[in-house]
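Just target_37.txt here, compact mmCIF, N, CA and C atoms:
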```
# COMPACT_ATOMS: atom_id res chain seq x y z
N MET A 1 0.86 -1.17 0.00
CA MET A 1 0.00 0.00 0.00
C MET A 1 0.90 1.23 0.00
N THR A 2 0.57 2.17 -0.85
CA THR A 2 1.37 3.38 -0.91
C THR A 2 1.08 4.26 0.30
N SER A 3 2.04 5.09 0.65
CA SER A 3 1.87 5.96 1.81
C SER A 3 0.77 6.98 1.58
N ASP A 4 0.54 7.38 0.32
CA ASP A 4 -0.53 8.34 0.03
C ASP A 4 -1.90 7.75 0.37
N VAL A 5 -2.13 6.52 -0.03
CA VAL A 5 -3.40 5.86 0.25
C VAL A 5 -3.56 5.65 1.75
N LYS A 6 -2.49 5.27 2.41
CA LYS A 6 -2.51 5.07 3.85
C LYS A 6 -2.88 6.37 4.57
N GLU A 7 -2.28 7.48 4.15
CA GLU A 7 -2.58 8.78 4.75
C GLU A 7 -4.02 9.18 4.51
N LEU A 8 -4.53 8.92 3.32
CA LEU A 8 -5.93 9.25 3.01
C LEU A 8 -6.89 8.46 3.89
N MET A 9 -6.59 7.18 4.10
CA MET A 9 -7.45 6.36 4.96
C MET A 9 -7.42 6.85 6.40
N ILE A 10 -6.26 7.17 6.89
CA ILE A 10 -6.14 7.66 8.27
C ILE A 10 -6.87 8.98 8.43
N GLU A 11 -6.77 9.83 7.42
CA GLU A 11 -7.41 11.14 7.46
C GLU A 11 -8.94 11.05 7.54
N VAL A 12 -9.52 10.06 6.92
CA VAL A 12 -10.97 9.94 6.87
C VAL A 12 -11.56 9.24 8.11
N LEU A 13 -10.74 8.61 8.93
CA LEU A 13 -11.24 7.81 10.05
C LEU A 13 -12.15 8.57 11.03
N PRO A 14 -11.80 9.78 11.49
CA PRO A 14 -12.71 10.45 12.43
C PRO A 14 -14.09 10.73 11.84
N ARG A 15 -14.14 11.16 10.59
CA ARG A 15 -15.43 11.41 9.95
C ARG A 15 -16.18 10.11 9.69
N LEU A 16 -15.45 9.07 9.35
CA LEU A 16 -16.06 7.78 9.11
C LEU A 16 -16.66 7.23 10.40
N ARG A 17 -15.99 7.45 11.51
CA ARG A 17 -16.51 6.99 12.80
C ARG A 17 -17.80 7.73 13.15
N ARG A 18 -17.86 9.03 12.90
CA ARG A 18 -19.09 9.79 13.15
C ARG A 18 -20.23 9.29 12.25
N PHE A 19 -19.90 9.01 11.01
CA PHE A 19 -20.89 8.47 10.07
C PHE A 19 -21.42 7.12 10.57
N ALA A 20 -20.52 6.27 10.99
CA ALA A 20 -20.91 4.94 11.48
C ALA A 20 -21.74 5.06 12.75
N PHE A 21 -21.41 6.02 13.62
CA PHE A 21 -22.19 6.23 14.83
C PHE A 21 -23.61 6.66 14.46
N GLY A 22 -23.74 7.49 13.45
CA GLY A 22 -25.07 7.89 12.99
C GLY A 22 -25.88 6.72 12.47
N LEU A 23 -25.22 5.77 11.86
CA LEU A 23 -25.91 4.58 11.35
C LEU A 23 -26.31 3.63 12.48
N THR A 24 -25.38 3.39 13.40
CA THR A 24 -25.59 2.36 14.41
C THR A 24 -26.23 2.87 15.70
N GLY A 25 -25.94 4.13 16.07
CA GLY A 25 -26.46 4.67 17.32
C GLY A 25 -25.67 4.23 18.54
N SER A 26 -24.56 3.59 18.32
CA SER A 26 -23.74 3.07 19.42
C SER A 26 -22.27 3.26 19.09
N ALA A 27 -21.51 3.75 20.05
CA ALA A 27 -20.08 3.97 19.83
C ALA A 27 -19.35 2.65 19.58
N GLU A 28 -19.72 1.63 20.34
CA GLU A 28 -19.05 0.33 20.19
C GLU A 28 -19.36 -0.28 18.83
N ALA A 29 -20.63 -0.24 18.44
CA ALA A 29 -21.02 -0.79 17.14
C ALA A 29 -20.39 0.01 16.01
N ALA A 30 -20.27 1.33 16.20
CA ALA A 30 -19.65 2.18 15.19
C ALA A 30 -18.18 1.82 15.02
N ASP A 31 -17.48 1.59 16.12
CA ASP A 31 -16.07 1.19 16.04
C ASP A 31 -15.92 -0.13 15.31
N ASP A 32 -16.80 -1.09 15.61
CA ASP A 32 -16.75 -2.38 14.93
C ASP A 32 -17.02 -2.22 13.43
N LEU A 33 -17.98 -1.36 13.11
CA LEU A 33 -18.32 -1.14 11.71
C LEU A 33 -17.16 -0.48 10.96
N VAL A 34 -16.52 0.50 11.58
CA VAL A 34 -15.37 1.17 10.95
C VAL A 34 -14.23 0.18 10.77
N GLN A 35 -14.00 -0.67 11.75
CA GLN A 35 -12.94 -1.67 11.63
C GLN A 35 -13.23 -2.61 10.46
N SER A 36 -14.47 -3.06 10.35
CA SER A 36 -14.84 -3.93 9.24
C SER A 36 -14.67 -3.23 7.89
N ALA A 37 -15.04 -1.95 7.86
CA ALA A 37 -14.90 -1.18 6.62
C ALA A 37 -13.44 -1.03 6.23
N CYS A 38 -12.59 -0.79 7.20
CA CYS A 38 -11.16 -0.66 6.92
C CYS A 38 -10.58 -1.98 6.43
N GLU A 39 -11.00 -3.08 7.05
CA GLU A 39 -10.53 -4.39 6.61
C GLU A 39 -10.95 -4.66 5.16
N ARG A 40 -12.20 -4.34 4.85
CA ARG A 40 -12.68 -4.57 3.49
C ARG A 40 -11.95 -3.66 2.50
N ALA A 41 -11.75 -2.40 2.87
CA ALA A 41 -11.06 -1.46 1.99
C ALA A 41 -9.64 -1.93 1.71
N LEU A 42 -8.95 -2.40 2.73
CA LEU A 42 -7.58 -2.88 2.54
C LEU A 42 -7.55 -4.13 1.67
N ALA A 43 -8.53 -5.00 1.86
CA ALA A 43 -8.59 -6.22 1.07
C ALA A 43 -8.91 -5.93 -0.39
N ARG A 44 -9.62 -4.84 -0.62
CA ARG A 44 -10.04 -4.51 -1.99
C ARG A 44 -9.40 -3.22 -2.48
N LEU A 45 -8.24 -2.92 -1.98
CA LEU A 45 -7.55 -1.70 -2.35
C LEU A 45 -7.29 -1.62 -3.85
N HIS A 46 -7.17 -2.76 -4.48
CA HIS A 46 -6.95 -2.78 -5.93
C HIS A 46 -8.14 -2.19 -6.69
N GLN A 47 -9.31 -2.12 -6.05
CA GLN A 47 -10.50 -1.56 -6.69
C GLN A 47 -10.58 -0.04 -6.56
N PHE A 48 -9.77 0.53 -5.68
CA PHE A 48 -9.78 1.99 -5.51
C PHE A 48 -9.10 2.63 -6.70
N LYS A 49 -9.79 3.60 -7.27
CA LYS A 49 -9.25 4.28 -8.44
C LYS A 49 -8.55 5.57 -8.01
N PRO A 50 -7.26 5.68 -8.26
CA PRO A 50 -6.53 6.91 -7.91
C PRO A 50 -7.20 8.13 -8.55
N GLY A 51 -7.26 9.19 -7.79
CA GLY A 51 -7.90 10.40 -8.27
C GLY A 51 -9.34 10.53 -7.82
N THR A 52 -9.91 9.43 -7.29
CA THR A 52 -11.26 9.50 -6.74
C THR A 52 -11.18 9.80 -5.25
N ARG A 53 -12.31 10.09 -4.66
CA ARG A 53 -12.33 10.50 -3.26
C ARG A 53 -12.34 9.28 -2.33
N MET A 54 -11.33 9.22 -1.48
CA MET A 54 -11.22 8.13 -0.52
C MET A 54 -12.41 8.15 0.44
N ASP A 55 -12.82 9.34 0.89
CA ASP A 55 -13.91 9.40 1.86
C ASP A 55 -15.21 8.84 1.29
N SER A 56 -15.54 9.17 0.06
CA SER A 56 -16.75 8.64 -0.57
C SER A 56 -16.70 7.13 -0.68
N TRP A 57 -15.55 6.62 -1.05
CA TRP A 57 -15.37 5.17 -1.19
C TRP A 57 -15.54 4.48 0.16
N MET A 58 -14.94 5.05 1.19
CA MET A 58 -15.03 4.47 2.53
C MET A 58 -16.45 4.57 3.09
N TYR A 59 -17.12 5.70 2.85
CA TYR A 59 -18.51 5.83 3.31
C TYR A 59 -19.39 4.77 2.66
N ARG A 60 -19.19 4.54 1.38
CA ARG A 60 -20.01 3.55 0.67
C ARG A 60 -19.75 2.14 1.20
N ILE A 61 -18.50 1.83 1.46
CA ILE A 61 -18.19 0.52 2.03
C ILE A 61 -18.87 0.37 3.39
N THR A 62 -18.79 1.40 4.22
CA THR A 62 -19.39 1.37 5.55
C THR A 62 -20.90 1.20 5.45
N GLN A 63 -21.52 1.97 4.58
CA GLN A 63 -22.96 1.89 4.42
C GLN A 63 -23.39 0.51 3.92
N THR A 64 -22.65 -0.05 2.99
CA THR A 64 -22.96 -1.37 2.46
C THR A 64 -22.84 -2.44 3.55
N LEU A 65 -21.80 -2.35 4.35
CA LEU A 65 -21.64 -3.30 5.46
C LEU A 65 -22.80 -3.19 6.45
N TRP A 66 -23.24 -1.97 6.73
CA TRP A 66 -24.34 -1.77 7.67
C TRP A 66 -25.64 -2.34 7.11
N ILE A 67 -25.89 -2.10 5.83
CA ILE A 67 -27.09 -2.65 5.20
C ILE A 67 -27.05 -4.17 5.24
N ASP A 68 -25.90 -4.75 4.96
CA ASP A 68 -25.75 -6.21 5.04
C ASP A 68 -26.05 -6.71 6.45
N GLU A 69 -25.58 -5.98 7.46
CA GLU A 69 -25.83 -6.37 8.85
C GLU A 69 -27.33 -6.31 9.17
N LEU A 70 -28.00 -5.26 8.73
CA LEU A 70 -29.44 -5.14 8.97
C LEU A 70 -30.21 -6.27 8.29
N ARG A 71 -29.82 -6.61 7.09
CA ARG A 71 -30.46 -7.73 6.39
C ARG A 71 -30.22 -9.04 7.10
N ARG A 72 -29.01 -9.22 7.60
CA ARG A 72 -28.68 -10.45 8.33
C ARG A 72 -29.54 -10.57 9.58
N ARG A 73 -29.70 -9.45 10.29
CA ARG A 73 -30.54 -9.46 11.50
C ARG A 73 -31.98 -9.77 11.18
N ARG A 74 -32.48 -9.20 10.09
CA ARG A 74 -33.87 -9.38 9.70
C ARG A 74 -34.17 -10.83 9.33
N SER A 75 -33.19 -11.51 8.75
CA SER A 75 -33.43 -12.88 8.31
C SER A 75 -33.32 -13.90 9.44
N ARG A 76 -32.81 -13.49 10.58
CA ARG A 76 -32.67 -14.42 11.71
C ARG A 76 -33.96 -14.61 12.44
```
Whole structure, structure tokens version:
Amino acid sequence: MTSDVKELMIEVLPRLRRFAFGLTGSAEAADDLVQSACERALARLHQFKPGTRMDSWMYRITQTLWIDELRRRRSR
């Protein structure tokens, strides 16, 4: 991973955590969601297109993970 991408991810973390808290309503759940989003982003870093906004990409990953979690809960 290049240092530029690493810096961009670190820079977006506080805002991403606030976004996740808004989705989950819980600080602990928000932290777990952000951690999962970071893991997914790192695993799929090859899909990130240079020149695009890291924050938008990370928000979308976070939102998708949260929607998946809600669907999983609903099906149980």
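One finds atom C of Asp32 of chain A at 11.9 Å from atom C of Glu69 of chain A.
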Write out as a PyMOL selection string each polymer residue whose atoms come within 12 Å of Arg60 of chain A, counting only C-alpha atoms; drop sequence neighbours fewer than 5 positions from it. chain A and resi 16+19-20+34+37-38+40-41+53-55+65-67
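In this structure, atom CA of Val5 of chain A sits 9.4 Å away from atom CA of Phe48 of chain A.
With distances taken over all atoms listed in the file, A:Ser36 is the one residue among A:Ala27, A:Leu13, A:Ser36, A:Lys6 lying closest to Thr62 of chain A.
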Got a sec to tell me which of chain A DSSP assigns to helix (DSSP H, G or I), as a compact mmCIF listing (two decimals) with N, CA and C atoms, in the frame of the given file?
```txt
# COMPACT_ATOMS: atom_id res chain seq x y z
N SER A 3 2.04 5.09 0.65
CA SER A 3 1.87 5.96 1.81
C SER A 3 0.77 6.98 1.58
N ASP A 4 0.54 7.38 0.32
CA ASP A 4 -0.53 8.34 0.03
C ASP A 4 -1.90 7.75 0.37
N VAL A 5 -2.13 6.52 -0.03
CA VAL A 5 -3.40 5.86 0.25
C VAL A 5 -3.56 5.65 1.75
N LYS A 6 -2.49 5.27 2.41
CA LYS A 6 -2.51 5.07 3.85
C LYS A 6 -2.88 6.37 4.57
N GLU A 7 -2.28 7.48 4.15
CA GLU A 7 -2.58 8.78 4.75
C GLU A 7 -4.02 9.18 4.51
N LEU A 8 -4.53 8.92 3.32
CA LEU A 8 -5.93 9.25 3.01
C LEU A 8 -6.89 8.46 3.89
N MET A 9 -6.59 7.18 4.10
CA MET A 9 -7.45 6.36 4.96
C MET A 9 -7.42 6.85 6.40
N ILE A 10 -6.26 7.17 6.89
CA ILE A 10 -6.14 7.66 8.27
C ILE A 10 -6.87 8.98 8.43
N GLU A 11 -6.77 9.83 7.42
CA GLU A 11 -7.41 11.14 7.46
C GLU A 11 -8.94 11.05 7.54
N VAL A 12 -9.52 10.06 6.92
CA VAL A 12 -10.97 9.94 6.87
C VAL A 12 -11.56 9.24 8.11
N LEU A 13 -10.74 8.61 8.93
CA LEU A 13 -11.24 7.81 10.05
C LEU A 13 -12.15 8.57 11.03
N PRO A 14 -11.80 9.78 11.49
CA PRO A 14 -12.71 10.45 12.43
C PRO A 14 -14.09 10.73 11.84
N ARG A 15 -14.14 11.16 10.59
CA ARG A 15 -15.43 11.41 9.95
C ARG A 15 -16.18 10.11 9.69
N LEU A 16 -15.45 9.07 9.35
CA LEU A 16 -16.06 7.78 9.11
C LEU A 16 -16.66 7.23 10.40
N ARG A 17 -15.99 7.45 11.51
CA ARG A 17 -16.51 6.99 12.80
C ARG A 17 -17.80 7.73 13.15
N ARG A 18 -17.86 9.03 12.90
CA ARG A 18 -19.09 9.79 13.15
C ARG A 18 -20.23 9.29 12.25
N PHE A 19 -19.90 9.01 11.01
CA PHE A 19 -20.89 8.47 10.07
C PHE A 19 -21.42 7.12 10.57
N ALA A 20 -20.52 6.27 10.99
CA ALA A 20 -20.91 4.94 11.48
C ALA A 20 -21.74 5.06 12.75
N PHE A 21 -21.41 6.02 13.62
CA PHE A 21 -22.19 6.23 14.83
C PHE A 21 -23.61 6.66 14.46
N GLY A 22 -23.74 7.49 13.45
CA GLY A 22 -25.07 7.89 12.99
C GLY A 22 -25.88 6.72 12.47
N LEU A 23 -25.22 5.77 11.86
CA LEU A 23 -25.91 4.58 11.35
C LEU A 23 -26.31 3.63 12.48
N THR A 24 -25.38 3.39 13.40
CA THR A 24 -25.59 2.36 14.41
C THR A 24 -26.23 2.87 15.70
N ALA A 27 -21.51 3.75 20.05
CA ALA A 27 -20.08 3.97 19.83
C ALA A 27 -19.35 2.65 19.58
N GLU A 28 -19.72 1.63 20.34
CA GLU A 28 -19.05 0.33 20.19
C GLU A 28 -19.36 -0.28 18.83
N ALA A 29 -20.63 -0.24 18.44
CA ALA A 29 -21.02 -0.79 17.14
C ALA A 29 -20.39 0.01 16.01
N ALA A 30 -20.27 1.33 16.20
CA ALA A 30 -19.65 2.18 15.19
C ALA A 30 -18.18 1.82 15.02
N ASP A 31 -17.48 1.59 16.12
CA ASP A 31 -16.07 1.19 16.04
C ASP A 31 -15.92 -0.13 15.31
N ASP A 32 -16.80 -1.09 15.61
CA ASP A 32 -16.75 -2.38 14.93
C ASP A 32 -17.02 -2.22 13.43
N LEU A 33 -17.98 -1.36 13.11
CA LEU A 33 -18.32 -1.14 11.71
C LEU A 33 -17.16 -0.48 10.96
N VAL A 34 -16.52 0.50 11.58
CA VAL A 34 -15.37 1.17 10.95
C VAL A 34 -14.23 0.18 10.77
N GLN A 35 -14.00 -0.67 11.75
CA GLN A 35 -12.94 -1.67 11.63
C GLN A 35 -13.23 -2.61 10.46
N SER A 36 -14.47 -3.06 10.35
CA SER A 36 -14.84 -3.93 9.24
C SER A 36 -14.67 -3.23 7.89
N ALA A 37 -15.04 -1.95 7.86
CA ALA A 37 -14.90 -1.18 6.62
C ALA A 37 -13.44 -1.03 6.23
N CYS A 38 -12.59 -0.79 7.20
CA CYS A 38 -11.16 -0.66 6.92
C CYS A 38 -10.58 -1.98 6.43
N GLU A 39 -11.00 -3.08 7.05
CA GLU A 39 -10.53 -4.39 6.61
C GLU A 39 -10.95 -4.66 5.16
N ARG A 40 -12.20 -4.34 4.85
CA ARG A 40 -12.68 -4.57 3.49
C ARG A 40 -11.95 -3.66 2.50
N ALA A 41 -11.75 -2.40 2.87
CA ALA A 41 -11.06 -1.46 1.99
C ALA A 41 -9.64 -1.93 1.71
N LEU A 42 -8.95 -2.40 2.73
CA LEU A 42 -7.58 -2.88 2.54
C LEU A 42 -7.55 -4.13 1.67
N ALA A 43 -8.53 -5.00 1.86
CA ALA A 43 -8.59 -6.22 1.07
C ALA A 43 -8.91 -5.93 -0.39
N LEU A 45 -8.24 -2.92 -1.98
CA LEU A 45 -7.55 -1.70 -2.35
C LEU A 45 -7.29 -1.62 -3.85
N HIS A 46 -7.17 -2.76 -4.48
CA HIS A 46 -6.95 -2.78 -5.93
C HIS A 46 -8.14 -2.19 -6.69
N GLN A 47 -9.31 -2.12 -6.05
CA GLN A 47 -10.50 -1.56 -6.69
C GLN A 47 -10.58 -0.04 -6.56
N MET A 54 -11.33 9.22 -1.48
CA MET A 54 -11.22 8.13 -0.52
C MET A 54 -12.41 8.15 0.44
N ASP A 55 -12.82 9.34 0.89
CA ASP A 55 -13.91 9.40 1.86
C ASP A 55 -15.21 8.84 1.29
N SER A 56 -15.54 9.17 0.06
CA SER A 56 -16.75 8.64 -0.57
C SER A 56 -16.70 7.13 -0.68
N TRP A 57 -15.55 6.62 -1.05
CA TRP A 57 -15.37 5.17 -1.19
C TRP A 57 -15.54 4.48 0.16
N MET A 58 -14.94 5.05 1.19
CA MET A 58 -15.03 4.47 2.53
C MET A 58 -16.45 4.57 3.09
N TYR A 59 -17.12 5.70 2.85
CA TYR A 59 -18.51 5.83 3.31
C TYR A 59 -19.39 4.77 2.66
N ARG A 60 -19.19 4.54 1.38
CA ARG A 60 -20.01 3.55 0.67
C ARG A 60 -19.75 2.14 1.20
N ILE A 61 -18.50 1.83 1.46
CA ILE A 61 -18.19 0.52 2.03
C ILE A 61 -18.87 0.37 3.39
N THR A 62 -18.79 1.40 4.22
CA THR A 62 -19.39 1.37 5.55
C THR A 62 -20.90 1.20 5.45
N GLN A 63 -21.52 1.97 4.58
CA GLN A 63 -22.96 1.89 4.42
C GLN A 63 -23.39 0.51 3.92
N THR A 64 -22.65 -0.05 2.99
CA THR A 64 -22.96 -1.37 2.46
C THR A 64 -22.84 -2.44 3.55
N LEU A 65 -21.80 -2.35 4.35
CA LEU A 65 -21.64 -3.30 5.46
C LEU A 65 -22.80 -3.19 6.45
N TRP A 66 -23.24 -1.97 6.73
CA TRP A 66 -24.34 -1.77 7.67
C TRP A 66 -25.64 -2.34 7.11
N ILE A 67 -25.89 -2.10 5.83
CA ILE A 67 -27.09 -2.65 5.20
C ILE A 67 -27.05 -4.17 5.24
N ASP A 68 -25.90 -4.75 4.96
CA ASP A 68 -25.75 -6.21 5.04
C ASP A 68 -26.05 -6.71 6.45
N GLU A 69 -25.58 -5.98 7.46
CA GLU A 69 -25.83 -6.37 8.85
C GLU A 69 -27.33 -6.31 9.17
N LEU A 70 -28.00 -5.26 8.73
CA LEU A 70 -29.44 -5.14 8.97
C LEU A 70 -30.21 -6.27 8.29
N ARG A 71 -29.82 -6.61 7.09
CA ARG A 71 -30.46 -7.73 6.39
C ARG A 71 -30.22 -9.04 7.10
N ARG A 72 -29.01 -9.22 7.60
CA ARG A 72 -28.68 -10.45 8.33
C ARG A 72 -29.54 -10.57 9.58
N ARG A 73 -29.70 -9.45 10.29
CA ARG A 73 -30.54 -9.46 11.50
C ARG A 73 -31.98 -9.77 11.18
N ARG A 74 -32.48 -9.20 10.09
CA ARG A 74 -33.87 -9.38 9.70
C ARG A 74 -34.17 -10.83 9.33
N SER A 75 -33.19 -11.51 8.75
CA SER A 75 -33.43 -12.88 8.31
C SER A 75 -33.32 -13.90 9.44
```
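Atom C of Ile10 of chain A sits 18.7 Å away from atom C of Glu28 of chain A.
Proximity to Leu33 of chain A was assessed for A:Gln47, A:Pro14, A:Met9, A:Phe21 counting only C-alpha atoms; the smallest distance is recorded for A:Phe21.
Closest approach to Gln35 of chain A among A:Arg73, A:Met58, A:Thr2, A:Glu7: A:Met58, based on only C-alpha atoms.
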